[in-house]
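*Asks:* This is start_13.csv (CSV, C-alpha atoms).
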```csv
chain,number,residue,atom,x,y,z
A,310,MET,CA,-9.0,-7.8,-10.9
A,311,ASN,CA,-9.0,-5.0,-13.3
A,312,GLN,CA,-12.7,-4.2,-13.9
A,313,THR,CA,-14.4,-0.9,-14.6
A,314,PHE,CA,-16.4,0.5,-11.8
A,315,SER,CA,-19.6,2.4,-11.7
A,316,SER,CA,-17.8,5.7,-11.3
A,317,ASP,CA,-15.1,7.2,-13.4
A,318,LEU,CA,-13.8,9.2,-10.5
A,319,LEU,CA,-13.5,6.0,-8.5
A,320,ASN,CA,-11.9,4.3,-11.4
A,321,LYS,CA,-9.4,7.0,-11.9
A,322,ALA,CA,-8.4,7.1,-8.2
A,323,VAL,CA,-8.0,3.3,-8.1
A,324,GLU,CA,-5.9,3.3,-11.3
A,325,GLU,CA,-3.6,6.0,-9.9
A,326,PHE,CA,-3.1,4.1,-6.6
A,327,ALA,CA,-2.5,0.8,-8.5
A,328,LYS,CA,0.5,2.5,-10.3
A,329,LEU,CA,2.4,2.5,-7.0
A,330,PRO,CA,4.9,-0.4,-6.6
A,331,GLY,CA,3.5,-3.4,-4.8
A,332,ILE,CA,-0.1,-2.0,-4.8
A,333,GLY,CA,-2.5,-4.2,-6.8
A,334,HIS,CA,-6.0,-3.3,-7.9
A,335,LYS,CA,-7.7,-4.9,-4.9
A,336,THR,CA,-5.5,-3.1,-2.4
A,337,ALA,CA,-5.9,0.1,-4.4
A,338,MET,CA,-9.7,-0.3,-4.1
A,339,ARG,CA,-9.5,-0.9,-0.4
A,340,LEU,CA,-7.3,2.2,0.1
A,341,VAL,CA,-9.5,4.4,-2.0
A,342,LEU,CA,-12.7,3.3,-0.2
A,343,HIS,CA,-10.9,4.0,3.1
A,344,LEU,CA,-10.2,7.6,1.9
A,345,LEU,CA,-13.8,7.9,0.9
A,346,LYS,CA,-14.9,7.3,4.5
A,347,LEU,CA,-12.5,10.0,5.8
A,348,ASP,CA,-13.6,13.6,6.0
A,349,GLU,CA,-12.6,16.0,3.1
A,350,ASN,CA,-9.9,17.7,5.2
A,351,ALA,CA,-8.1,14.5,6.0
A,352,VAL,CA,-8.0,13.6,2.3
A,353,ASP,CA,-6.8,17.1,1.3
A,354,GLN,CA,-4.1,16.8,4.0
A,355,PHE,CA,-3.0,13.4,2.6
A,356,ALA,CA,-2.9,14.7,-1.0
A,357,ASN,CA,-1.2,18.0,0.0
A,358,SER,CA,1.6,16.2,2.0
A,359,LEU,CA,2.5,14.4,-1.2
A,360,THR,CA,2.4,17.3,-3.7
A,361,ASN,CA,4.2,19.5,-1.1
A,362,LEU,CA,7.0,17.0,-0.7
A,363,ARG,CA,7.4,16.5,-4.5
A,364,HIS,CA,7.3,20.3,-5.3
A,365,ASN,CA,9.5,21.4,-2.3
A,366,VAL,CA,11.9,18.6,-1.7
A,367,HIS,CA,15.5,19.6,-1.4
A,368,TYR,CA,18.7,17.6,-1.3
A,369,CYS,CA,21.7,18.3,0.9
A,370,ASN,CA,24.3,20.3,-1.2
A,371,ARG,CA,27.1,18.2,0.1
A,372,CYS,CA,25.9,14.6,0.5
A,373,HIS,CA,22.7,14.7,-1.6
A,374,ASN,CA,20.6,13.2,1.2
A,375,ILE,CA,17.0,14.4,1.3
A,376,SER,CA,16.9,17.5,3.4
A,377,ASP,CA,14.8,20.6,4.1
A,378,THR,CA,17.9,22.7,4.7
A,379,PRO,CA,20.9,23.4,2.3
A,380,LEU,CA,23.1,21.1,4.5
A,381,CYS,CA,21.4,18.0,5.9
A,382,PRO,CA,21.3,17.5,9.7
A,383,ILE,CA,24.1,14.9,9.5
A,384,CYS,CA,26.4,17.1,7.4
A,385,ALA,CA,25.6,20.1,9.7
A,386,ASN,CA,26.4,18.1,12.9
A,387,PRO,CA,29.8,19.2,14.2
A,388,ASN,CA,30.2,15.9,16.1
A,389,ARG,CA,30.3,13.8,12.9
A,390,ASP,CA,33.7,12.8,11.6
A,391,GLU,CA,34.0,14.8,8.3
A,392,THR,CA,37.1,12.9,7.2
A,393,THR,CA,35.2,9.7,6.6
A,394,ILE,CA,32.5,9.4,3.9
A,395,CYS,CA,30.2,6.4,3.6
A,396,VAL,CA,29.1,6.0,0.0
A,397,VAL,CA,25.5,4.6,-0.3
A,398,GLU,CA,23.0,4.0,-3.0
A,399,ASN,CA,20.0,5.8,-1.6
A,400,TYR,CA,18.2,7.4,1.3
A,401,GLN,CA,17.0,4.2,2.8
A,402,ASP,CA,20.6,3.0,3.1
A,403,VAL,CA,21.4,6.1,5.2
A,404,LEU,CA,18.5,5.2,7.5
A,405,ALA,CA,19.7,1.6,7.8
A,406,ILE,CA,23.2,2.6,8.7
A,407,GLU,CA,22.1,5.4,11.1
A,408,ALA,CA,19.9,2.8,12.8
A,409,THR,CA,23.1,0.8,13.8
A,410,THR,CA,24.6,3.9,15.6
A,411,GLN,CA,28.0,2.4,14.6
A,412,PHE,CA,28.9,5.0,11.9
A,413,HIS,CA,30.0,8.5,12.9
A,414,GLY,CA,31.2,9.9,9.6
A,415,THR,CA,29.2,11.6,6.9
A,416,TYR,CA,27.5,10.1,3.8
A,417,HIS,CA,27.4,10.5,0.1
A,418,VAL,CA,24.2,9.4,-1.6
A,419,LEU,CA,24.8,8.3,-5.2
A,420,GLY,CA,21.1,8.2,-6.1
A,421,GLY,CA,21.4,4.8,-7.8
A,422,LEU,CA,23.9,2.2,-9.1
A,423,ILE,CA,25.6,1.9,-12.4
A,424,SER,CA,23.4,-0.4,-14.6
A,425,PRO,CA,23.8,-0.8,-18.3
A,426,LEU,CA,20.6,-2.8,-18.4
A,427,GLU,CA,18.6,0.0,-16.9
A,428,ASN,CA,20.5,2.7,-18.8
A,429,VAL,CA,22.1,4.2,-15.7
A,430,SER,CA,25.6,5.4,-16.4
A,431,PRO,CA,28.1,7.0,-14.0
A,432,SER,CA,27.1,10.5,-15.1
A,433,ASP,CA,23.5,9.8,-13.9
A,434,LEU,CA,24.9,9.3,-10.4
A,435,GLN,CA,26.5,11.7,-7.8
A,436,ILE,CA,30.0,10.4,-8.6
A,437,ALA,CA,31.6,13.6,-9.9
A,438,SER,CA,30.5,15.4,-6.8
A,439,LEU,CA,32.1,12.7,-4.7
A,440,LEU,CA,35.4,13.2,-6.4
A,441,GLN,CA,35.0,16.9,-5.9
A,442,ARG,CA,34.4,16.5,-2.2
A,443,ILE,CA,37.5,14.3,-1.9
A,444,GLN,CA,39.6,17.1,-3.6
A,445,GLN,CA,38.2,19.9,-1.5
A,446,GLU,CA,37.7,18.3,1.9
A,447,PRO,CA,40.3,16.6,4.1
A,448,ILE,CA,38.9,13.1,3.5
A,449,LYS,CA,40.9,10.2,5.0
A,450,GLU,CA,38.5,7.2,4.4
A,451,ILE,CA,35.9,6.3,1.9
A,452,LEU,CA,33.6,3.4,3.0
A,453,LEU,CA,31.9,1.8,0.0
A,454,ALA,CA,28.6,0.5,1.4
A,455,LEU,CA,26.8,-0.6,-1.7
A,456,SER,CA,24.7,-3.8,-2.1
A,457,SER,CA,26.6,-7.0,-3.1
A,458,THR,CA,24.8,-7.3,-6.4
A,459,LEU,CA,26.1,-7.0,-10.0
A,460,GLU,CA,25.2,-3.3,-10.1
A,461,GLY,CA,26.7,-2.7,-6.6
A,462,ASP,CA,30.0,-4.4,-7.5
A,463,THR,CA,30.2,-2.6,-10.8
A,464,THR,CA,29.7,0.7,-9.1
A,465,ASN,CA,32.2,-0.2,-6.3
A,466,PHE,CA,34.8,-1.0,-8.9
A,467,PHE,CA,34.2,2.1,-10.9
A,468,ILE,CA,34.6,4.3,-7.9
A,469,TYR,CA,37.6,2.3,-6.6
A,470,ARG,CA,39.4,2.8,-9.9
A,471,LYS,CA,38.8,6.6,-9.7
A,472,LEU,CA,40.1,6.7,-6.1
A,473,LYS,CA,42.8,4.1,-5.8
A,474,ASP,CA,45.7,6.4,-6.7
A,475,ILE,CA,44.8,9.3,-4.4
A,476,PRO,CA,47.6,9.5,-1.8
A,477,GLY,CA,46.6,9.1,1.8
A,478,LEU,CA,43.1,7.9,1.1
A,479,THR,CA,41.9,4.6,2.6
A,480,ILE,CA,39.1,2.8,0.7
A,481,THR,CA,37.1,0.3,2.8
A,482,THR,CA,34.0,-1.8,2.3
A,483,LEU,CA,31.5,-3.5,4.6
A,484,SER,CA,32.8,-6.9,5.8
A,485,ARG,CA,30.9,-9.8,4.3
A,486,GLY,CA,30.2,-13.0,6.3
A,487,ILE,CA,27.6,-14.9,8.2
A,488,SER,CA,24.8,-12.8,9.6
A,489,ILE,CA,24.5,-12.8,13.4
A,490,ASN,CA,22.1,-15.6,14.5
A,491,ASP,CA,22.3,-17.4,11.1
A,492,GLU,CA,22.3,-21.2,11.3
A,493,LEU,CA,25.2,-22.7,9.2
A,494,GLN,CA,22.9,-25.2,7.4
A,495,TYR,CA,20.8,-22.5,5.9
A,496,ILE,CA,23.5,-20.2,4.6
A,497,ASP,CA,24.1,-20.2,0.8
A,498,GLU,CA,27.4,-21.8,-0.3
A,499,VAL,CA,28.9,-18.6,-1.7
A,500,THR,CA,28.5,-16.7,1.5
A,501,LEU,CA,29.7,-19.6,3.6
A,502,GLY,CA,32.7,-20.2,1.2
A,503,ARG,CA,33.7,-16.5,1.5
A,504,ALA,CA,33.4,-16.6,5.2
A,505,ILE,CA,35.8,-19.5,5.3
A,506,ILE,CA,38.3,-17.8,3.0
A,507,SER,CA,38.2,-14.5,5.0
A,508,ARG,CA,38.3,-16.2,8.4
A,509,VAL,CA,39.5,-14.1,11.3
A,510,PRO,CA,41.3,-14.8,14.6
A,511,PHE,CA,38.9,-16.0,17.3
A,512,GLN,CA,38.1,-13.4,20.0
A,513,THR,CA,36.1,-13.9,23.1
A,514,ASN,CA,35.1,-10.2,23.1
A,515,PRO,CA,34.6,-9.4,19.4
B,948,MET,CA,10.4,1.4,12.3
B,949,ASN,CA,9.1,4.8,13.4
B,950,GLN,CA,12.1,7.1,13.2
B,951,THR,CA,12.3,10.8,12.4
B,952,PHE,CA,13.8,11.5,9.0
B,953,SER,CA,16.1,14.3,7.9
B,954,SER,CA,13.2,16.2,6.3
B,955,ASP,CA,10.0,17.3,7.8
B,956,LEU,CA,8.3,17.2,4.4
B,957,LEU,CA,9.3,13.6,4.0
B,958,ASN,CA,8.3,12.8,7.5
B,959,LYS,CA,4.9,14.3,7.0
B,960,ALA,CA,4.2,12.4,3.7
B,961,VAL,CA,5.4,9.1,5.3
B,962,GLU,CA,3.1,9.7,8.4
B,963,GLU,CA,0.1,10.4,6.1
B,964,PHE,CA,0.7,7.3,4.0
B,965,ALA,CA,1.2,5.2,7.1
B,966,LYS,CA,-2.3,6.2,8.3
B,967,LEU,CA,-3.8,4.1,5.5
B,968,PRO,CA,-5.0,0.6,6.5
B,969,GLY,CA,-2.4,-2.1,6.0
B,970,ILE,CA,0.4,0.4,5.2
B,971,GLY,CA,3.3,0.3,7.7
B,972,HIS,CA,6.1,2.9,8.0
B,973,LYS,CA,8.5,0.8,5.9
B,974,THR,CA,5.9,0.5,3.0
B,975,ALA,CA,5.0,4.2,3.4
B,976,MET,CA,8.6,5.2,3.0
B,977,ARG,CA,9.0,3.0,-0.1
B,978,LEU,CA,5.8,4.5,-1.7
B,979,VAL,CA,6.8,8.1,-0.8
B,980,LEU,CA,10.4,7.6,-2.2
B,981,HIS,CA,8.7,6.2,-5.4
B,982,LEU,CA,6.6,9.3,-5.7
B,983,LEU,CA,9.7,11.4,-5.3
B,984,LYS,CA,11.2,9.8,-8.4
B,985,LEU,CA,8.2,10.6,-10.5
B,986,ASP,CA,7.8,13.9,-12.3
B,987,GLU,CA,5.8,16.6,-10.6
B,988,ASN,CA,2.8,16.2,-13.0
B,989,ALA,CA,2.4,12.5,-12.2
B,990,VAL,CA,2.4,13.3,-8.4
B,991,ASP,CA,-0.1,16.1,-8.9
B,992,GLN,CA,-2.3,13.8,-11.0
B,993,PHE,CA,-2.2,11.1,-8.2
B,994,ALA,CA,-3.1,13.6,-5.5
B,995,ASN,CA,-5.8,15.3,-7.6
B,996,SER,CA,-7.5,12.0,-8.4
B,997,LEU,CA,-7.9,11.4,-4.6
B,998,THR,CA,-9.2,14.9,-3.7
B,999,ASN,CA,-11.4,15.0,-6.8
B,1000,LEU,CA,-13.0,11.7,-5.9
B,1001,ARG,CA,-13.5,12.7,-2.2
B,1002,HIS,CA,-15.0,16.1,-3.1
B,1003,ASN,CA,-17.1,15.0,-6.0
B,1004,VAL,CA,-18.2,11.5,-5.2
B,1005,HIS,CA,-21.9,10.8,-5.6
B,1006,TYR,CA,-24.0,7.9,-4.6
B,1007,CYS,CA,-26.9,6.5,-6.6
B,1008,ASN,CA,-30.2,8.1,-5.4
B,1009,ARG,CA,-31.9,4.7,-5.4
B,1010,CYS,CA,-29.4,2.0,-4.3
B,1011,HIS,CA,-26.6,4.2,-2.7
B,1012,ASN,CA,-24.0,2.6,-4.8
B,1013,ILE,CA,-21.0,4.9,-5.7
B,1014,SER,CA,-22.0,6.6,-9.0
B,1015,ASP,CA,-21.1,9.7,-11.1
B,1016,THR,CA,-24.8,10.0,-12.2
B,1017,PRO,CA,-27.9,10.4,-10.1
B,1018,LEU,CA,-28.9,6.8,-10.9
B,1019,CYS,CA,-26.0,4.3,-11.0
B,1020,PRO,CA,-25.5,2.2,-14.3
B,1021,ILE,CA,-27.1,-0.8,-12.7
B,1022,CYS,CA,-30.3,1.0,-11.6
B,1023,ALA,CA,-30.4,2.8,-14.9
B,1024,ASN,CA,-30.1,-0.5,-16.9
B,1025,PRO,CA,-33.6,-1.4,-18.3
B,1026,ASN,CA,-32.5,-5.1,-18.6
B,1027,ARG,CA,-32.1,-5.5,-14.8
B,1028,ASP,CA,-34.9,-7.1,-12.9
B,1029,GLU,CA,-36.3,-4.2,-10.8
B,1030,THR,CA,-38.5,-6.5,-8.7
B,1031,THR,CA,-35.5,-8.1,-7.0
B,1032,ILE,CA,-33.2,-6.2,-4.6
B,1033,CYS,CA,-30.0,-7.7,-3.3
B,1034,VAL,CA,-29.1,-6.1,0.1
B,1035,VAL,CA,-25.3,-5.7,0.6
B,1036,GLU,CA,-23.0,-4.1,3.1
B,1037,ASN,CA,-20.8,-2.1,0.8
B,1038,TYR,CA,-19.5,-1.3,-2.7
B,1039,GLN,CA,-17.0,-4.2,-2.8
B,1040,ASP,CA,-19.8,-6.6,-2.3
B,1041,VAL,CA,-21.6,-5.2,-5.4
B,1042,LEU,CA,-18.4,-5.8,-7.4
B,1043,ALA,CA,-18.1,-9.4,-6.0
B,1044,ILE,CA,-21.7,-10.3,-6.9
B,1045,GLU,CA,-21.5,-8.6,-10.3
B,1046,ALA,CA,-18.3,-10.6,-11.1
B,1047,THR,CA,-20.4,-13.8,-10.8
B,1048,THR,CA,-22.8,-12.6,-13.5
B,1049,GLN,CA,-25.4,-14.7,-11.7
B,1050,PHE,CA,-27.5,-11.8,-10.4
B,1051,HIS,CA,-29.8,-9.8,-12.6
B,1052,GLY,CA,-31.7,-7.7,-10.2
B,1053,THR,CA,-30.8,-4.4,-8.5
B,1054,TYR,CA,-28.9,-3.7,-5.3
B,1055,HIS,CA,-29.3,-1.8,-2.1
B,1056,VAL,CA,-26.0,-0.7,-0.4
B,1057,LEU,CA,-26.5,-0.4,3.4
B,1058,GLY,CA,-23.1,1.3,3.9
B,1059,GLY,CA,-22.2,-0.9,6.9
B,1060,LEU,CA,-23.6,-3.4,9.4
B,1061,ILE,CA,-25.4,-2.9,12.7
B,1062,SER,CA,-22.6,-3.1,15.4
B,1063,PRO,CA,-23.3,-2.0,19.0
B,1064,LEU,CA,-19.5,-2.4,19.6
B,1065,GLU,CA,-18.6,0.1,16.9
B,1066,ASN,CA,-21.5,2.3,17.7
B,1067,VAL,CA,-23.3,1.7,14.3
B,1068,SER,CA,-27.1,1.7,14.8
B,1069,PRO,CA,-29.8,1.0,12.2
B,1070,SER,CA,-30.3,4.7,11.6
B,1071,ASP,CA,-26.7,5.0,10.5
B,1072,LEU,CA,-27.4,2.6,7.6
B,1073,GLN,CA,-29.6,2.9,4.5
B,1074,ILE,CA,-32.3,0.8,6.0
B,1075,ALA,CA,-35.1,3.4,6.0
B,1076,SER,CA,-34.6,4.0,2.3
B,1077,LEU,CA,-34.8,0.3,1.7
B,1078,LEU,CA,-38.2,0.1,3.4
B,1079,GLN,CA,-39.2,3.2,1.3
B,1080,ARG,CA,-38.2,1.4,-1.9
B,1081,ILE,CA,-40.2,-1.6,-1.0
B,1082,GLN,CA,-43.3,0.6,-0.4
B,1083,GLN,CA,-42.9,2.6,-3.6
B,1084,GLU,CA,-41.5,0.0,-6.1
B,1085,PRO,CA,-43.1,-3.4,-7.1
B,1086,ILE,CA,-40.6,-5.5,-5.2
B,1087,LYS,CA,-41.1,-9.2,-5.2
B,1088,GLU,CA,-37.9,-10.5,-3.6
B,1089,ILE,CA,-35.3,-9.2,-1.1
B,1090,LEU,CA,-32.0,-11.2,-1.2
B,1091,LEU,CA,-30.1,-10.6,2.0
B,1092,ALA,CA,-26.4,-11.0,1.0
B,1093,LEU,CA,-24.6,-9.9,4.2
B,1094,SER,CA,-21.5,-11.6,5.7
B,1095,SER,CA,-22.2,-14.5,8.0
B,1096,THR,CA,-20.7,-12.7,11.0
B,1097,LEU,CA,-22.3,-11.5,14.2
B,1098,GLU,CA,-22.9,-8.1,12.7
B,1099,GLY,CA,-24.1,-9.5,9.5
B,1100,ASP,CA,-26.6,-11.9,11.3
B,1101,THR,CA,-27.8,-9.0,13.5
B,1102,THR,CA,-28.4,-6.8,10.5
B,1103,ASN,CA,-30.1,-9.7,8.6
B,1104,PHE,CA,-32.4,-10.3,11.5
B,1105,PHE,CA,-33.2,-6.6,12.0
B,1106,ILE,CA,-34.2,-6.2,8.3
B,1107,TYR,CA,-36.0,-9.5,8.3
B,1108,ARG,CA,-38.2,-8.4,11.2
B,1109,LYS,CA,-39.1,-5.2,9.3
B,1110,LEU,CA,-40.0,-7.1,6.2
B,1111,LYS,CA,-41.5,-10.4,7.2
B,1112,ASP,CA,-45.1,-9.2,7.4
B,1113,ILE,CA,-45.2,-7.5,4.0
B,1114,PRO,CA,-47.6,-9.5,1.9
B,1115,GLY,CA,-46.2,-11.0,-1.4
B,1116,LEU,CA,-42.6,-10.3,-0.5
B,1117,THR,CA,-40.1,-13.2,-0.6
B,1118,ILE,CA,-37.1,-12.9,1.6
B,1119,THR,CA,-34.1,-15.0,0.6
B,1120,THR,CA,-30.4,-15.3,1.7
B,1121,LEU,CA,-27.3,-16.7,0.1
B,1122,SER,CA,-27.0,-20.5,0.5
B,1123,ARG,CA,-24.3,-21.6,2.9
B,1124,GLY,CA,-22.3,-24.8,2.3
B,1125,ILE,CA,-19.0,-26.1,1.2
B,1126,SER,CA,-17.0,-24.0,-1.3
B,1127,ILE,CA,-16.4,-25.3,-4.7
B,1128,ASN,CA,-13.1,-27.2,-4.8
B,1129,ASP,CA,-12.9,-27.4,-0.9
B,1130,GLU,CA,-11.4,-30.6,0.5
B,1131,LEU,CA,-13.6,-32.0,3.3
B,1132,GLN,CA,-10.7,-32.5,5.8
B,1133,TYR,CA,-9.9,-28.8,5.8
B,1134,ILE,CA,-13.5,-27.4,6.3
B,1135,ASP,CA,-14.3,-26.0,9.7
B,1136,GLU,CA,-16.8,-28.2,11.6
B,1137,VAL,CA,-19.6,-25.5,11.8
B,1138,THR,CA,-19.7,-25.2,8.0
B,1139,LEU,CA,-19.4,-28.9,7.5
B,1140,GLY,CA,-22.2,-29.5,10.1
B,1141,ARG,CA,-24.5,-27.0,8.5
B,1142,ALA,CA,-23.8,-28.5,5.0
B,1143,ILE,CA,-24.9,-31.9,6.4
B,1144,ILE,CA,-28.1,-30.5,8.0
B,1145,SER,CA,-29.1,-28.6,4.8
B,1146,ARG,CA,-28.2,-31.4,2.4
B,1147,VAL,CA,-29.9,-31.4,-1.0
B,1148,PRO,CA,-31.0,-34.1,-3.5
B,1149,PHE,CA,-28.0,-35.2,-5.7
B,1150,GLN,CA,-28.1,-33.9,-9.2
B,1151,THR,CA,-25.8,-34.9,-12.0
B,1152,ASN,CA,-26.2,-31.4,-13.6
B,1153,PRO,CA,-26.4,-29.0,-10.7
```
Could you show the structure in this file as structure tokens?
*Replies:*
Amino acid sequence: MNQTFSSDLLNKAVEEFAKLPGIGHKTAMRLVLHLLKLDENAVDQFANSLTNLRHNVHYCNRCHNISDTPLCPICANPNRDETTICVVENYQDVLAIEATTQFHGTYHVLGGLISPLENVSPSDLQIASLLQRIQQEPIKEILLALSSTLEGDTTNFFIYRKLKDIPGLTITTLSRGISINDELQYIDEVTLGRAIISRVPFQTNP
Amino acid sequence: MNQTFSSDLLNKAVEEFAKLPGIGHKTAMRLVLHLLKLDENAVDQFANSLTNLRHNVHYCNRCHNISDTPLCPICANPNRDETTICVVENYQDVLAIEATTQFHGTYHVLGGLISPLENVSPSDLQIASLLQRIQQEPIKEILLALSSTLEGDTTNFFIYRKLKDIPGLTITTLSRGISINDELQYIDEVTLGRAIISRVPFQTNP
């Protein structure tokens, strides 16, 4: 549904909302009509929270995570292991890994993945600053936690080649295998095949 | 997922987005991170389109449709039949009926339905101004096009009682029945039962 409405103001607001990813014209209309029912202050508050964020957003000087302070709360936390860096694509990946409570090191947010198709080259990402960190800080382990996609594998390999000759640096990656609770019959054959190749000794208390 | 993020600005923007109907925290985060990637002007433009609409929205003086002008384009159109008024709940209903191109009269947008549960009484709706229009304009037909819900039926009946004794005024409602292309076996029994009761002569060219 992409019709013109009886009001240019309405039209404009719906068009703007519909530019957001995953928001079609029908949803945009529903959201805009919801905002119309709110009082003016609430709408101003909504709009201001967005412009405020966009104009005043800062990134951590060290790991490039979104942060209001020069060092993000994770980098500033003395209890985190500063010798281990987990390399991730974006901010959501930091949230996902933090939610597991299984990682106690620091992060490095690349801000994307190498993608010739989308014109993203290594210099568009925070790779140089990762190498700089490794030179300046006493880093022992780099955990490459990128998606197992073409772009993720390309970026993994690019970073691996830069790091592989640094003495005393361990490079690790997330283990691949069958998800907890997955039923064998529904697993794709590549994942199942790799899980067989990289089988591990049986443990009663893994 | 309702966690606190590493940035209060981000947190605030996500919270505001998640207040919108049908937008959860995960979607809100995705939308906010999308806005962060846009340039500042694009975000300002998005935010301004919303505050602009909310502060400057006008409603048609006659039918209460959303409009930038004192009379909405439908009311101002001399080709529309001004003797027929279609009574609808809201702006989306106007769009839905206009999309059929089968209605050539004017509208009256109530702005809601009578609902004791949600504390909406007749005085909260544009019912008085509907009665005023009927007194002042040469209205021949009122088409009640409200949803077939408890609230819709209550509102229909309330308006019907106000209008039924006005001489020369026809009160109609949308016909109920089986949707075009519906398969009989999937139709709920109330709709199917009513379609049997209100059966009509067979026509080869309906």
*Asks:* Show me, as a count of residues only, every residue of chain B with an atom at most 9 Å from chain A, counting all atoms listed in the file.
*Replies:* 55
*Asks:* Find the residues near Leu1093 (chain B): any atom within 12 Å, counting only C-alpha atoms, skip ones fewer than 2 places away on the same chain, and give them as a CSV table (one decimal) with C-alpha atoms, in the frame of the given file.
*Replies:*
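The resulting file, result_16.csv, is reproduced below:
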```csv
chain,number,residue,atom,x,y,z
B,1033,CYS,CA,-30.0,-7.7,-3.3
B,1034,VAL,CA,-29.1,-6.1,0.1
B,1035,VAL,CA,-25.3,-5.7,0.6
B,1036,GLU,CA,-23.0,-4.1,3.1
B,1037,ASN,CA,-20.8,-2.1,0.8
B,1039,GLN,CA,-17.0,-4.2,-2.8
B,1040,ASP,CA,-19.8,-6.6,-2.3
B,1041,VAL,CA,-21.6,-5.2,-5.4
B,1044,ILE,CA,-21.7,-10.3,-6.9
B,1055,HIS,CA,-29.3,-1.8,-2.1
B,1056,VAL,CA,-26.0,-0.7,-0.4
B,1057,LEU,CA,-26.5,-0.4,3.4
B,1058,GLY,CA,-23.1,1.3,3.9
B,1059,GLY,CA,-22.2,-0.9,6.9
B,1060,LEU,CA,-23.6,-3.4,9.4
B,1061,ILE,CA,-25.4,-2.9,12.7
B,1089,ILE,CA,-35.3,-9.2,-1.1
B,1090,LEU,CA,-32.0,-11.2,-1.2
B,1091,LEU,CA,-30.1,-10.6,2.0
B,1095,SER,CA,-22.2,-14.5,8.0
B,1096,THR,CA,-20.7,-12.7,11.0
B,1097,LEU,CA,-22.3,-11.5,14.2
B,1098,GLU,CA,-22.9,-8.1,12.7
B,1099,GLY,CA,-24.1,-9.5,9.5
B,1100,ASP,CA,-26.6,-11.9,11.3
B,1101,THR,CA,-27.8,-9.0,13.5
B,1102,THR,CA,-28.4,-6.8,10.5
B,1103,ASN,CA,-30.1,-9.7,8.6
B,1104,PHE,CA,-32.4,-10.3,11.5
B,1106,ILE,CA,-34.2,-6.2,8.3
B,1119,THR,CA,-34.1,-15.0,0.6
B,1120,THR,CA,-30.4,-15.3,1.7
B,1121,LEU,CA,-27.3,-16.7,0.1
B,1122,SER,CA,-27.0,-20.5,0.5
B,1123,ARG,CA,-24.3,-21.6,2.9
```
*Asks:* Quick one: distance from CA of Cys1022 (chain B) to CA of Asn1008 (chain B) in Å, one decimal?
*Replies:*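 Between CA of Cys1022 (chain B) and CA of Asn1008 (chain B) the gap works out to 9.4 Å.
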*Asks:* Select, from A:Ala337, A:Val509, A:Leu472, A:Cys372, the residue with the minimum atom-to-atom distance to Gly414 (chain A), counting only C-alpha atoms.
*Replies:* A:Cys372
*Asks:* Between B:Pro1069, B:Pro1063, B:Pro1114, B:Gly971, which one has atoms that come closest to Ile1081 (chain B), using all atoms listed in the file?
*Replies:* B:Pro1114
*Asks:* CA of Ile505 (chain A) and CA of Thr479 (chain A) are how many Å apart?
*Replies:*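 So the two atoms, CA of Ile505 (chain A) and CA of Thr479 (chain A), lie 25.0 Å apart.
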*Asks:* Would you mind putting N, CA and C atoms back on region 422-432 of chain A and writing the result as a PDB file, in the coordinates of the input?
*Replies:*
```pdb
ATOM      1  N   LEU A 422      22.659   3.013  -8.803  1.00  0.00           N
ATOM      2  CA  LEU A 422      23.900   2.200  -9.100  1.00  0.00           C
ATOM      3  C   LEU A 422      24.048   2.143 -10.590  1.00  0.00           C
ATOM      4  N   ILE A 423      25.295   1.977 -11.014  1.00  0.00           N
ATOM      5  CA  ILE A 423      25.600   1.900 -12.400  1.00  0.00           C
ATOM      6  C   ILE A 423      24.890   0.593 -12.973  1.00  0.00           C
ATOM      7  N   SER A 424      24.090   0.726 -14.027  1.00  0.00           N
ATOM      8  CA  SER A 424      23.400  -0.400 -14.600  1.00  0.00           C
ATOM      9  C   SER A 424      23.149  -0.240 -16.066  1.00  0.00           C
ATOM     10  N   PRO A 425      24.020  -0.881 -16.879  1.00  0.00           N
ATOM     11  CA  PRO A 425      23.800  -0.800 -18.300  1.00  0.00           C
ATOM     12  C   PRO A 425      22.460  -1.241 -18.761  1.00  0.00           C
ATOM     13  N   LEU A 426      21.928  -2.268 -18.070  1.00  0.00           N
ATOM     14  CA  LEU A 426      20.600  -2.800 -18.400  1.00  0.00           C
ATOM     15  C   LEU A 426      19.513  -1.768 -18.254  1.00  0.00           C
ATOM     16  N   GLU A 427      19.610  -0.991 -17.177  1.00  0.00           N
ATOM     17  CA  GLU A 427      18.600   0.000 -16.900  1.00  0.00           C
ATOM     18  C   GLU A 427      19.010   1.390 -17.379  1.00  0.00           C
ATOM     19  N   ASN A 428      20.075   1.410 -18.199  1.00  0.00           N
ATOM     20  CA  ASN A 428      20.500   2.700 -18.800  1.00  0.00           C
ATOM     21  C   ASN A 428      20.954   3.701 -17.772  1.00  0.00           C
ATOM     22  N   VAL A 429      21.549   3.244 -16.667  1.00  0.00           N
ATOM     23  CA  VAL A 429      22.100   4.200 -15.700  1.00  0.00           C
ATOM     24  C   VAL A 429      23.604   4.189 -15.815  1.00  0.00           C
ATOM     25  N   SER A 430      24.131   5.332 -16.235  1.00  0.00           N
ATOM     26  CA  SER A 430      25.600   5.400 -16.400  1.00  0.00           C
ATOM     27  C   SER A 430      26.158   6.258 -15.267  1.00  0.00           C
ATOM     28  N   PRO A 431      27.496   6.240 -15.080  1.00  0.00           N
ATOM     29  CA  PRO A 431      28.100   7.000 -14.000  1.00  0.00           C
ATOM     30  C   PRO A 431      27.694   8.449 -13.924  1.00  0.00           C
ATOM     31  N   SER A 432      27.454   9.043 -15.104  1.00  0.00           N
ATOM     32  CA  SER A 432      27.100  10.500 -15.100  1.00  0.00           C
ATOM     33  C   SER A 432      25.711  10.742 -14.581  1.00  0.00           C
TER      34      SER A 432
END
```
